$ cat upload11.txt   # compact mmCIF, C-alpha atoms
# COMPACT_ATOMS: atom_id res chain seq x y z
CA MET B 1 0.00 0.00 0.00
CA ALA B 2 1.34 3.45 -0.96
CA ARG B 3 1.72 5.80 2.02
CA ILE B 4 0.96 9.48 1.42
CA LEU B 5 1.62 12.44 3.73
CA VAL B 6 -0.61 15.49 3.19
CA ALA B 7 0.89 18.90 4.02
CA ASP B 8 -1.06 22.13 3.63
CA ASP B 9 -1.61 25.05 5.99
CA HIS B 10 -5.37 25.10 5.31
CA ASP B 11 -7.41 22.61 7.34
CA GLY B 12 -10.10 22.41 4.67
CA THR B 13 -7.65 21.54 1.91
CA ARG B 14 -6.02 18.84 4.03
CA GLY B 15 -9.45 17.42 4.86
CA ILE B 16 -10.54 17.27 1.23
CA LEU B 17 -7.25 15.70 0.18
CA LYS B 18 -7.45 13.04 2.88
CA VAL B 19 -10.97 12.04 1.86
CA LEU B 20 -10.05 11.98 -1.83
CA LEU B 21 -6.80 10.06 -1.43
CA ARG B 22 -8.34 7.45 0.89
CA GLN B 23 -10.82 6.59 -1.87
CA HIS B 24 -8.01 5.47 -4.16
CA SER B 25 -7.39 1.74 -3.96
CA GLY B 26 -3.91 0.97 -2.69
CA TRP B 27 -3.27 4.38 -1.12
CA GLU B 28 -3.29 5.30 2.55
CA VAL B 29 -2.89 8.72 4.14
CA CYS B 30 -0.25 8.08 6.78
CA GLY B 31 -0.26 11.58 8.26
CA GLU B 32 -0.76 15.29 7.80
CA ALA B 33 1.12 18.50 8.52
CA SER B 34 0.20 22.18 8.61
CA THR B 35 3.68 23.81 8.72
CA GLY B 36 6.97 23.28 6.95
CA GLU B 37 8.72 22.08 10.09
CA GLU B 38 5.93 19.61 10.84
CA ALA B 39 6.03 18.31 7.25
CA LEU B 40 9.77 17.67 7.49
CA LYS B 41 9.48 16.00 10.89
CA LYS B 42 6.67 13.72 9.70
CA CYS B 43 8.54 12.82 6.50
CA VAL B 44 11.49 11.66 8.59
CA GLU B 45 9.31 9.83 11.14
CA LEU B 46 6.71 8.27 8.84
CA LYS B 47 8.81 7.70 5.70
CA PRO B 48 5.90 8.14 3.28
CA ASP B 49 6.19 7.10 -0.35
CA VAL B 50 4.81 10.50 -1.39
CA ILE B 51 4.28 13.87 0.24
CA VAL B 52 1.60 16.06 -1.33
CA LYS B 53 2.37 19.57 -0.15
CA ASP B 54 1.49 23.16 -0.83
CA TRP B 55 4.33 25.23 -2.27
CA VAL B 56 4.14 27.84 0.47
CA MET B 57 3.57 26.84 4.07
CA PRO B 58 4.28 28.75 7.25
CA GLY B 59 7.53 28.19 9.09
CA MET B 60 9.98 27.25 6.36
CA ASP B 61 10.91 28.50 2.90
CA SER B 62 9.55 26.13 0.22
CA VAL B 63 12.89 25.60 -1.50
CA GLU B 64 14.61 24.84 1.81
CA LEU B 65 11.82 22.51 2.91
CA THR B 66 12.05 20.61 -0.37
CA ARG B 67 15.83 20.31 -0.09
CA GLN B 68 15.54 19.09 3.51
CA ILE B 69 12.96 16.46 2.56
CA CYS B 70 15.22 15.28 -0.27
CA ALA B 71 18.18 15.05 2.12
CA GLN B 72 16.44 13.53 5.14
CA SER B 73 13.79 11.38 3.45
CA PRO B 74 15.32 10.61 0.05
CA ASP B 75 12.85 7.85 -0.84
CA THR B 76 9.86 10.20 -0.48
CA ALA B 77 8.59 11.60 -3.78
CA ILE B 78 7.43 15.21 -3.56
CA VAL B 79 4.29 16.41 -5.33
CA ILE B 80 3.42 20.10 -5.08
CA PHE B 81 -0.29 20.88 -5.06
CA SER B 82 -0.70 24.62 -5.73
CA PHE B 83 -3.37 27.06 -6.86
CA TYR B 84 -0.72 28.84 -8.89
CA ASP B 85 -0.19 27.61 -12.42
CA MET B 86 3.04 29.45 -13.20
CA PRO B 87 5.96 28.10 -15.23
CA GLU B 88 8.35 29.88 -12.82
CA LEU B 89 6.89 27.95 -9.89
CA GLU B 90 7.37 24.62 -11.66
CA LEU B 91 10.96 25.48 -12.63
CA ALA B 92 11.90 26.58 -9.09
CA ALA B 93 10.14 23.57 -7.53
CA LYS B 94 11.80 21.04 -9.83
CA ALA B 95 15.21 22.68 -9.35
CA ALA B 96 14.77 22.28 -5.60
CA GLY B 97 13.97 18.56 -5.98
CA VAL B 98 10.19 18.35 -6.48
CA HIS B 99 9.11 15.42 -8.62
CA ARG B 100 5.77 16.71 -9.92
CA VAL B 101 3.74 19.93 -9.74
CA ALA B 102 -0.06 19.73 -9.86
CA THR B 103 -2.38 22.70 -9.90
CA LYS B 104 -5.09 22.64 -7.25
CA ASP B 105 -7.55 20.72 -9.29
CA ILE B 106 -8.03 17.05 -8.63
CA ALA B 107 -7.75 16.18 -12.31
CA SER B 108 -4.01 16.99 -12.23
CA LEU B 109 -3.22 15.69 -8.73
CA ILE B 110 -4.23 12.03 -9.07
CA PRO B 111 -2.15 11.46 -12.26
CA ALA B 112 0.81 13.24 -10.64
CA ILE B 113 0.72 10.89 -7.64
CA GLU B 114 0.22 7.85 -9.88
CA ASP B 115 3.20 8.93 -11.98
CA VAL B 116 5.63 9.28 -9.06
CA LEU B 117 4.46 5.99 -7.58
CA ARG B 118 5.03 4.22 -10.92
CA SER B 119 8.43 5.78 -11.37
CA SER B 120 11.26 3.47 -10.44
CA ARG B 121 13.61 6.43 -10.21
CA LYS B 122 11.83 9.06 -8.14
CA ARG B 123 14.56 11.66 -7.96
CA THR B 124 14.62 13.89 -11.02
CA ILE B 125 17.92 15.55 -10.07
CA SER B 126 20.45 14.95 -7.35
CA PRO B 127 20.59 17.18 -4.23
CA SER B 128 23.94 18.63 -5.37
CA GLU B 129 22.46 19.51 -8.76
CA SER B 130 19.46 20.95 -6.94
CA ALA B 131 21.65 23.25 -4.84
CA ASN B 132 23.36 24.52 -7.99
CA ARG B 133 20.20 24.97 -10.07
CA ALA B 134 17.63 26.40 -7.64
CA SER B 135 16.64 29.98 -8.26
CA ALA B 136 17.84 32.50 -5.71
CA ASN B 137 14.41 34.17 -5.92
CA PRO B 138 11.76 31.49 -6.46
CA PRO B 139 8.17 32.64 -6.91
CA LYS B 140 6.24 33.15 -3.70
CA GLU B 141 2.59 32.52 -3.07
CA LYS B 142 0.81 34.96 -0.81
CA LEU B 143 -0.30 33.64 2.54
CA ASP B 144 -3.71 35.22 2.95

$ encode --input "upload11.txt" --output "structure tokens"
Amino acid sequence: MARILVADDHDGTRGILKVLLRQHSGWEVCGEASTGEEALKKCVELKPDVIVKDWVMPGMDSVELTRQICAQSPDTAIVIFSFYDMPELELAAKAAGVHRVATKDIASLIPAIEDVLRSSRKRTISPSESANRASANPPKEKLD
């Protein structure tokens, strides 16, 4: 069974994701997080196959959080689930080590998770490449 960690600072979004993901045969939601620090801690503790996370969460810069997950939980695939459909976001996220970016519509999220779970080689680039390629000024979402 594939284990998925859900990380988003909005309770409602986490709740919807948990219900949706639990309906998929072979997937289990192993935990949830509402801050960057909590997401990192739970990735290390729970060792999920996939983390579905918002790009911007309180407590930790998105690029740093992604790098830390890659370093401390290297077998966890990272899927960003964001309202923002910007090429700059996808470039910055992938340079940091994200495996897939899905806009916040369910039609793009499920295939993104299926893709990373099917992939035998989850890491798209190495952490050292990531450090060299990540943008110094990645796009920021507004926390409203």

$ closest_residue --input "upload11.txt" --among "B:Lys53, B:Arg118, B:Arg100, B:His24" --to "B:Val6" --atoms "only C-alpha atoms"
B:Lys53

$ residues_around --input "upload11.txt" --residues "B:Lys42" --least-positions-apart "5" --cutoff "12 Å" --atoms "all atoms listed in the file" --output "list in words"
Ile4, Leu5, Val6, Ala7, Cys30, Gly31, Glu32, Ala33, Ser34, Thr35, Gly36, Glu37, Lys47, Pro48, Val50, Ile51, Ile69, Gln72, Ser73 and Thr76 of chain B

$ closest_residue --input "upload11.txt" --among "B:Val116, B:Met57, B:Asp105, B:Pro74" --to "B:Ile16" --atoms "all atoms listed in the file"
B:Asp105

$ residues_around --input "upload11.txt" --residues "B:Ala77" --least-positions-apart "6" --cutoff "12 Å" --atoms "only C-alpha atoms" --output "short mmCIF file (atom, residue, chain, number, x, y, z; two decimals) with C-alpha atoms, in the frame of the given file"
data_model
loop_
_atom_site.label_atom_id
_atom_site.label_comp_id
_atom_site.auth_asym_id
_atom_site.auth_seq_id
_atom_site.Cartn_x
_atom_site.Cartn_y
_atom_site.Cartn_z
CA ALA B 2 1.34 3.45 -0.96
CA ARG B 3 1.72 5.80 2.02
CA ILE B 4 0.96 9.48 1.42
CA LEU B 5 1.62 12.44 3.73
CA CYS B 43 8.54 12.82 6.50
CA LYS B 47 8.81 7.70 5.70
CA PRO B 48 5.90 8.14 3.28
CA ASP B 49 6.19 7.10 -0.35
CA VAL B 50 4.81 10.50 -1.39
CA ILE B 51 4.28 13.87 0.24
CA VAL B 52 1.60 16.06 -1.33
CA LYS B 53 2.37 19.57 -0.15
CA THR B 66 12.05 20.61 -0.37
CA ARG B 67 15.83 20.31 -0.09
CA ILE B 69 12.96 16.46 2.56
CA CYS B 70 15.22 15.28 -0.27
CA ALA B 71 18.18 15.05 2.12
CA LYS B 94 11.80 21.04 -9.83
CA GLY B 97 13.97 18.56 -5.98
CA VAL B 98 10.19 18.35 -6.48
CA HIS B 99 9.11 15.42 -8.62
CA ARG B 100 5.77 16.71 -9.92
CA VAL B 101 3.74 19.93 -9.74
CA ALA B 112 0.81 13.24 -10.64
CA ILE B 113 0.72 10.89 -7.64
CA GLU B 114 0.22 7.85 -9.88
CA ASP B 115 3.20 8.93 -11.98
CA VAL B 116 5.63 9.28 -9.06
CA LEU B 117 4.46 5.99 -7.58
CA ARG B 118 5.03 4.22 -10.92
CA SER B 119 8.43 5.78 -11.37
CA SER B 120 11.26 3.47 -10.44
CA ARG B 121 13.61 6.43 -10.21
CA LYS B 122 11.83 9.06 -8.14
CA ARG B 123 14.56 11.66 -7.96
CA THR B 124 14.62 13.89 -11.02
CA ILE B 125 17.92 15.55 -10.07
#

$ atom_distance --input "upload11.txt" --atom1 "atom CA of B:Ile110" --atom2 "atom CA of B:Arg22"
11.7 Å

$ atom_distance --input "upload11.txt" --atom1 "atom CA of B:His10" --atom2 "atom CA of B:Ile80"
14.5 Å

$ atom_distance --input "upload11.txt" --atom1 "atom CA of B:Leu20" --atom2 "atom CA of B:Asp54"
16.1 Å

$ residues_around --input "upload11.txt" --residues "B:Thr103" --least-positions-apart "2" --cutoff "9 Å" --atoms "only C-alpha atoms" --output "PyMOL selection string"
chain B and resi 80-85+101+105-109
